[in-house]
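Chemist: Contents of target_24.txt (compact mmCIF, C-alpha atoms and all ligand atoms):
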# COMPACT_ATOMS: atom_id res chain seq x y z
CA MET V 1 2.82 15.59 -0.92
CA SER V 2 -0.37 14.92 -2.86
CA GLY V 3 -3.28 13.42 -0.93
CA LYS V 4 -4.41 11.81 -4.15
CA LEU V 5 -1.25 9.95 -5.09
CA ILE V 6 -1.05 6.25 -4.22
CA LEU V 7 1.88 3.91 -4.81
CA VAL V 8 0.91 0.31 -5.59
CA ILE V 9 3.61 -2.35 -5.28
CA GLU V 10 2.24 -5.58 -6.77
CA ASP V 11 3.78 -8.17 -9.08
CA ASN V 12 0.56 -9.83 -10.21
CA GLU V 13 -0.79 -8.08 -13.30
CA LYS V 14 -4.42 -9.01 -12.61
CA ASN V 15 -4.32 -7.68 -9.07
CA MET V 16 -2.55 -4.55 -10.26
CA LYS V 17 -5.20 -3.95 -12.90
CA LEU V 18 -8.01 -4.34 -10.38
CA MET V 19 -6.44 -1.89 -7.93
CA ARG V 20 -5.59 0.53 -10.74
CA ASP V 21 -9.17 0.49 -12.06
CA LEU V 22 -10.72 0.93 -8.61
CA LEU V 23 -8.40 3.70 -7.50
CA GLN V 24 -8.50 5.64 -10.75
CA TYR V 25 -12.29 5.43 -10.78
CA GLU V 26 -12.25 7.02 -7.32
CA GLY V 27 -10.08 9.84 -8.62
CA TYR V 28 -6.70 8.80 -7.23
CA GLU V 29 -3.51 9.01 -9.20
CA ILE V 30 -1.39 5.91 -9.00
CA LEU V 31 2.23 4.96 -9.32
CA GLU V 32 2.88 1.32 -10.16
CA ALA V 33 5.81 -0.90 -9.27
CA ASP V 34 6.10 -4.65 -9.79
CA THR V 35 9.09 -5.01 -7.48
CA ALA V 36 9.87 -3.65 -4.02
CA GLU V 37 13.09 -2.15 -5.33
CA GLU V 38 11.21 -0.07 -7.92
CA GLY V 39 8.56 0.80 -5.31
CA LEU V 40 11.18 2.16 -2.91
CA ARG V 41 12.61 4.31 -5.67
CA LEU V 42 9.18 5.74 -6.54
CA ALA V 43 8.29 6.31 -2.89
CA GLY V 44 11.44 8.35 -2.36
CA GLU V 45 10.94 10.34 -5.50
CA TYR V 46 7.20 11.10 -5.30
CA LEU V 47 6.32 10.79 -1.58
CA PRO V 48 2.85 9.30 -2.16
CA ALA V 49 0.03 9.78 0.37
CA LEU V 50 -0.28 6.00 0.74
CA THR V 51 1.48 2.81 -0.31
CA LEU V 52 -0.35 -0.46 -1.00
CA MET V 53 2.13 -3.29 -0.62
CA ASP V 54 1.98 -6.89 -1.74
CA ILE V 55 4.12 -9.15 0.48
CA GLY V 56 5.15 -11.90 -1.96
CA LEU V 57 7.29 -10.10 -4.51
CA PRO V 58 10.21 -11.18 -6.67
CA GLY V 59 13.46 -10.17 -4.97
CA MET V 60 12.87 -8.14 -1.83
CA ASN V 61 9.59 -8.99 -0.07
CA GLY V 62 7.05 -6.58 1.41
CA PHE V 63 8.32 -6.92 4.98
CA GLU V 64 11.83 -5.88 4.01
CA ALA V 65 10.47 -3.07 1.83
CA LEU V 66 8.44 -1.72 4.77
CA LYS V 67 11.58 -1.73 6.93
CA ARG V 68 13.46 0.26 4.34
CA LEU V 69 10.66 2.79 3.91
CA ARG V 70 10.60 3.33 7.67
CA ALA V 71 14.39 3.56 7.87
CA SER V 72 14.50 6.59 5.61
CA SER V 73 13.31 9.87 7.16
CA ALA V 74 11.84 11.02 3.83
CA THR V 75 9.52 8.02 3.52
CA ALA V 76 9.08 6.96 7.18
CA GLY V 77 5.75 8.81 7.51
CA ILE V 78 4.05 7.31 4.47
CA PRO V 79 1.29 4.94 5.61
CA VAL V 80 1.57 1.42 4.20
CA ILE V 81 -1.28 -1.06 3.84
CA ALA V 82 -0.34 -4.68 3.19
CA VAL V 83 -2.45 -6.37 0.50
CA THR V 84 -1.96 -10.10 0.70
CA ALA V 85 -3.50 -13.41 -0.18
CA SER V 86 -2.59 -14.88 3.20
CA VAL V 87 -5.61 -15.78 5.24
CA MET V 88 -3.96 -17.41 8.24
CA THR V 89 -4.40 -15.62 11.54
CA GLN V 90 -0.69 -15.87 12.23
CA ASP V 91 0.08 -14.09 8.94
CA HIS V 92 -2.27 -11.28 9.87
CA GLN V 93 -0.55 -11.02 13.25
CA LYS V 94 2.87 -10.96 11.63
CA ILE V 95 1.75 -8.14 9.34
CA THR V 96 0.37 -6.11 12.24
CA GLU V 97 3.52 -6.66 14.28
CA ALA V 98 5.73 -5.61 11.39
CA GLY V 99 4.19 -2.15 11.63
CA PHE V 100 1.91 -2.00 8.61
CA ASP V 101 -0.86 0.56 8.98
CA GLY V 102 -3.48 -1.84 7.71
CA HIS V 103 -4.05 -5.19 6.05
CA GLN V 104 -6.38 -5.95 3.15
CA ARG V 105 -6.88 -9.51 1.96
CA LYS V 106 -7.04 -10.74 -1.61
CA PRO V 107 -9.39 -11.30 -3.25
CA ILE V 108 -10.17 -7.67 -2.55
CA ASN V 109 -13.47 -6.69 -1.01
CA ILE V 110 -14.09 -3.51 -3.00
CA ASP V 111 -16.00 -1.50 -0.39
CA GLU V 112 -13.67 -2.46 2.44
CA PHE V 113 -10.61 -1.79 0.33
CA LEU V 114 -11.70 1.69 -0.74
CA GLU V 115 -12.80 2.57 2.78
CA ALA V 116 -9.39 1.56 4.14
CA VAL V 117 -7.67 3.66 1.47
CA ARG V 118 -9.81 6.72 2.24
CA ASP V 119 -9.56 6.39 6.02
CA THR V 120 -5.82 5.82 6.05
CA ILE V 121 -5.07 8.79 3.80
CA GLU V 122 -7.35 11.01 5.89
CA ARG V 123 -5.90 9.86 9.19
CA PHE V 124 -2.29 10.30 8.15
CA GLY V 125 -2.98 13.51 6.24
CA ALA V 126 -4.48 15.02 9.39
CA GLU V 127 -1.50 13.90 11.47
CA ARG V 128 0.87 15.58 9.05
CA LEU V 129 -1.04 18.86 9.26
CA THR V 130 -0.84 18.96 13.05
CA GLU V 131 2.86 18.16 13.17
MN MN Y 1 2.84 -11.17 -5.26
The structure in this file should be written as structure tokens.

Modeler:
Amino acid sequence: MSGKLILVIEDNEKNMKLMRDLLQYEGYEILEADTAEEGLRLAGEYLPALTLMDIGLPGMNGFEALKRLRASSATAGIPVIAVTASVMTQDHQKITEAGFDGHQRKPINIDEFLEAVRDTIERFGAERLTE
């Protein structure tokens, strides 16, 4: 499992481009999926160090995709950060309760976003090493 590989599941091309540019500039490798179905396939095949997940996706949404990732032993340990445009407190609560490992809001705050990416990969990478 590469600590530098990040899966981004996002159907909006502009948002995808922004995340791609930011993450590649920081030295991460990224896998891109514009549907949850494709994201699940890539997660199972490449076991990324982190998944960034949009919630509103064509077909399966981000909540269902998270459930499926967690239901498979191969992908259950991959941390998943929700990246959503929803600003309502109840949406944030729903995301936390669903079991996401973090929540970043769009439009992305660059410093906060990159810090969350770094911290989450470090935290989960360390947990894996001690298992
Ligand atoms: Mn979307």

Chemist: Each residue of chain V with at least one atom at most 12 Å from ligand MN 1 (chain Y) should appear once, together with its nearest atom pair and the corresponding distance in Å (one decimal); atoms considered: all atoms listed in the file; ordering: chain, then increasing residue number; output as CSV.

Modeler:
residue,atom,partner,partner_atom,distance
V:Val8,CA,Y:MN1,MN,11.6
V:Ile9,CA,Y:MN1,MN,8.9
V:Glu10,CA,Y:MN1,MN,5.8
V:Asp11,CA,Y:MN1,MN,4.9
V:Asn12,CA,Y:MN1,MN,5.6
V:Glu13,CA,Y:MN1,MN,9.3
V:Lys14,CA,Y:MN1,MN,10.6
V:Asn15,CA,Y:MN1,MN,8.8
V:Met16,CA,Y:MN1,MN,9.9
V:Ala33,CA,Y:MN1,MN,11.4
V:Asp34,CA,Y:MN1,MN,8.6
V:Thr35,CA,Y:MN1,MN,9.1
V:Ala36,CA,Y:MN1,MN,10.4
V:Leu52,CA,Y:MN1,MN,12.0
V:Met53,CA,Y:MN1,MN,9.2
V:Asp54,CA,Y:MN1,MN,5.6
V:Ile55,CA,Y:MN1,MN,6.2
V:Gly56,CA,Y:MN1,MN,4.1
V:Leu57,CA,Y:MN1,MN,4.6
V:Pro58,CA,Y:MN1,MN,7.5
V:Gly59,CA,Y:MN1,MN,10.7
V:Met60,CA,Y:MN1,MN,11.0
V:Asn61,CA,Y:MN1,MN,8.8
V:Gly62,CA,Y:MN1,MN,9.1
V:Ala82,CA,Y:MN1,MN,11.1
V:Val83,CA,Y:MN1,MN,9.2
V:Thr84,CA,Y:MN1,MN,7.7
V:Ala85,CA,Y:MN1,MN,8.4
V:Ser86,CA,Y:MN1,MN,10.7
V:Lys106,CA,Y:MN1,MN,10.5

Chemist: Using CA of Ile6 in chain V and CA of Asn109 in chain V as the two end points, give the distance in Å to one decimal.

Modeler: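 Between these atoms lies a distance of 18.2 Å.
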
Chemist: Suppose you want the space between CA of Leu23 in chain V and CA of Phe100 in chain V; what is it in Å?

Modeler: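 Separation of CA of Leu23 in chain V and CA of Phe100 in chain V: 20.0 Å.
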
Chemist: Would you kindly return, as a list of chain:residue names, each protein, DNA or RNA residue with an atom no farther than 8 Å from any atom of Lys4 in chain V, considering all atoms listed in the file and excluding same-chain residues fewer than 3 positions away?

Modeler: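 Using all atoms listed in the file, the neighbours found are V:Gly27, V:Tyr28, V:Glu29, V:Pro48, V:Ala49.
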
Chemist: Taking only C-alpha atoms into account, which of V:Arg70, V:Gly99, V:Lys94, V:Ile81 comes nearest Asp119 in chain V?

Modeler: V:Ile81

Chemist: Give the answer as one residue: which of V:Val117, V:Met88, V:Ile30, V:Leu5 has the shortest atom-to-atom distance to Asp101 in chain V, using only C-alpha atoms?

Modeler: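 Using only C-alpha atoms, Asp101 in chain V sits closest to V:Val117.
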
Chemist: Can you tell me how far CA of Leu31 in chain V sits from CA of Leu7 in chain V, in Å to one decimal?

Modeler: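 Between CA of Leu31 in chain V and CA of Leu7 in chain V the gap is 4.6 Å.
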
Chemist: Could you give me the axis-aligned bounding box of range 100-113 of chain V, with 4 Å of padding per side, as centre plus edge lengths in Å to one decimal, as lines of an AutoDock Vina configuration file?

Modeler:
center_x = -7.0
center_y = -5.4
center_z = 2.9
size_x = 25.9
size_y = 19.9
size_z = 20.2

Chemist: Which residue gives the smallest distance to Val80 in chain V among V:Leu47, V:Ile95, V:Leu66, V:Ile110, with only C-alpha atoms counted?

Modeler: V:Leu66

Chemist: Nearest to Glu115 in chain V among V:Arg68, V:Thr89, V:Ala43, V:Leu22, with distances taken over only C-alpha atoms: which residue is it?

Modeler: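 Closest candidate: V:Leu22.
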
Chemist: Kindly indicate which residue among V:Ala71, V:Glu26, V:Thr51, V:Leu18 lies nearest to His103 in chain V, using all atoms listed in the file for the distances.

Modeler: V:Thr51
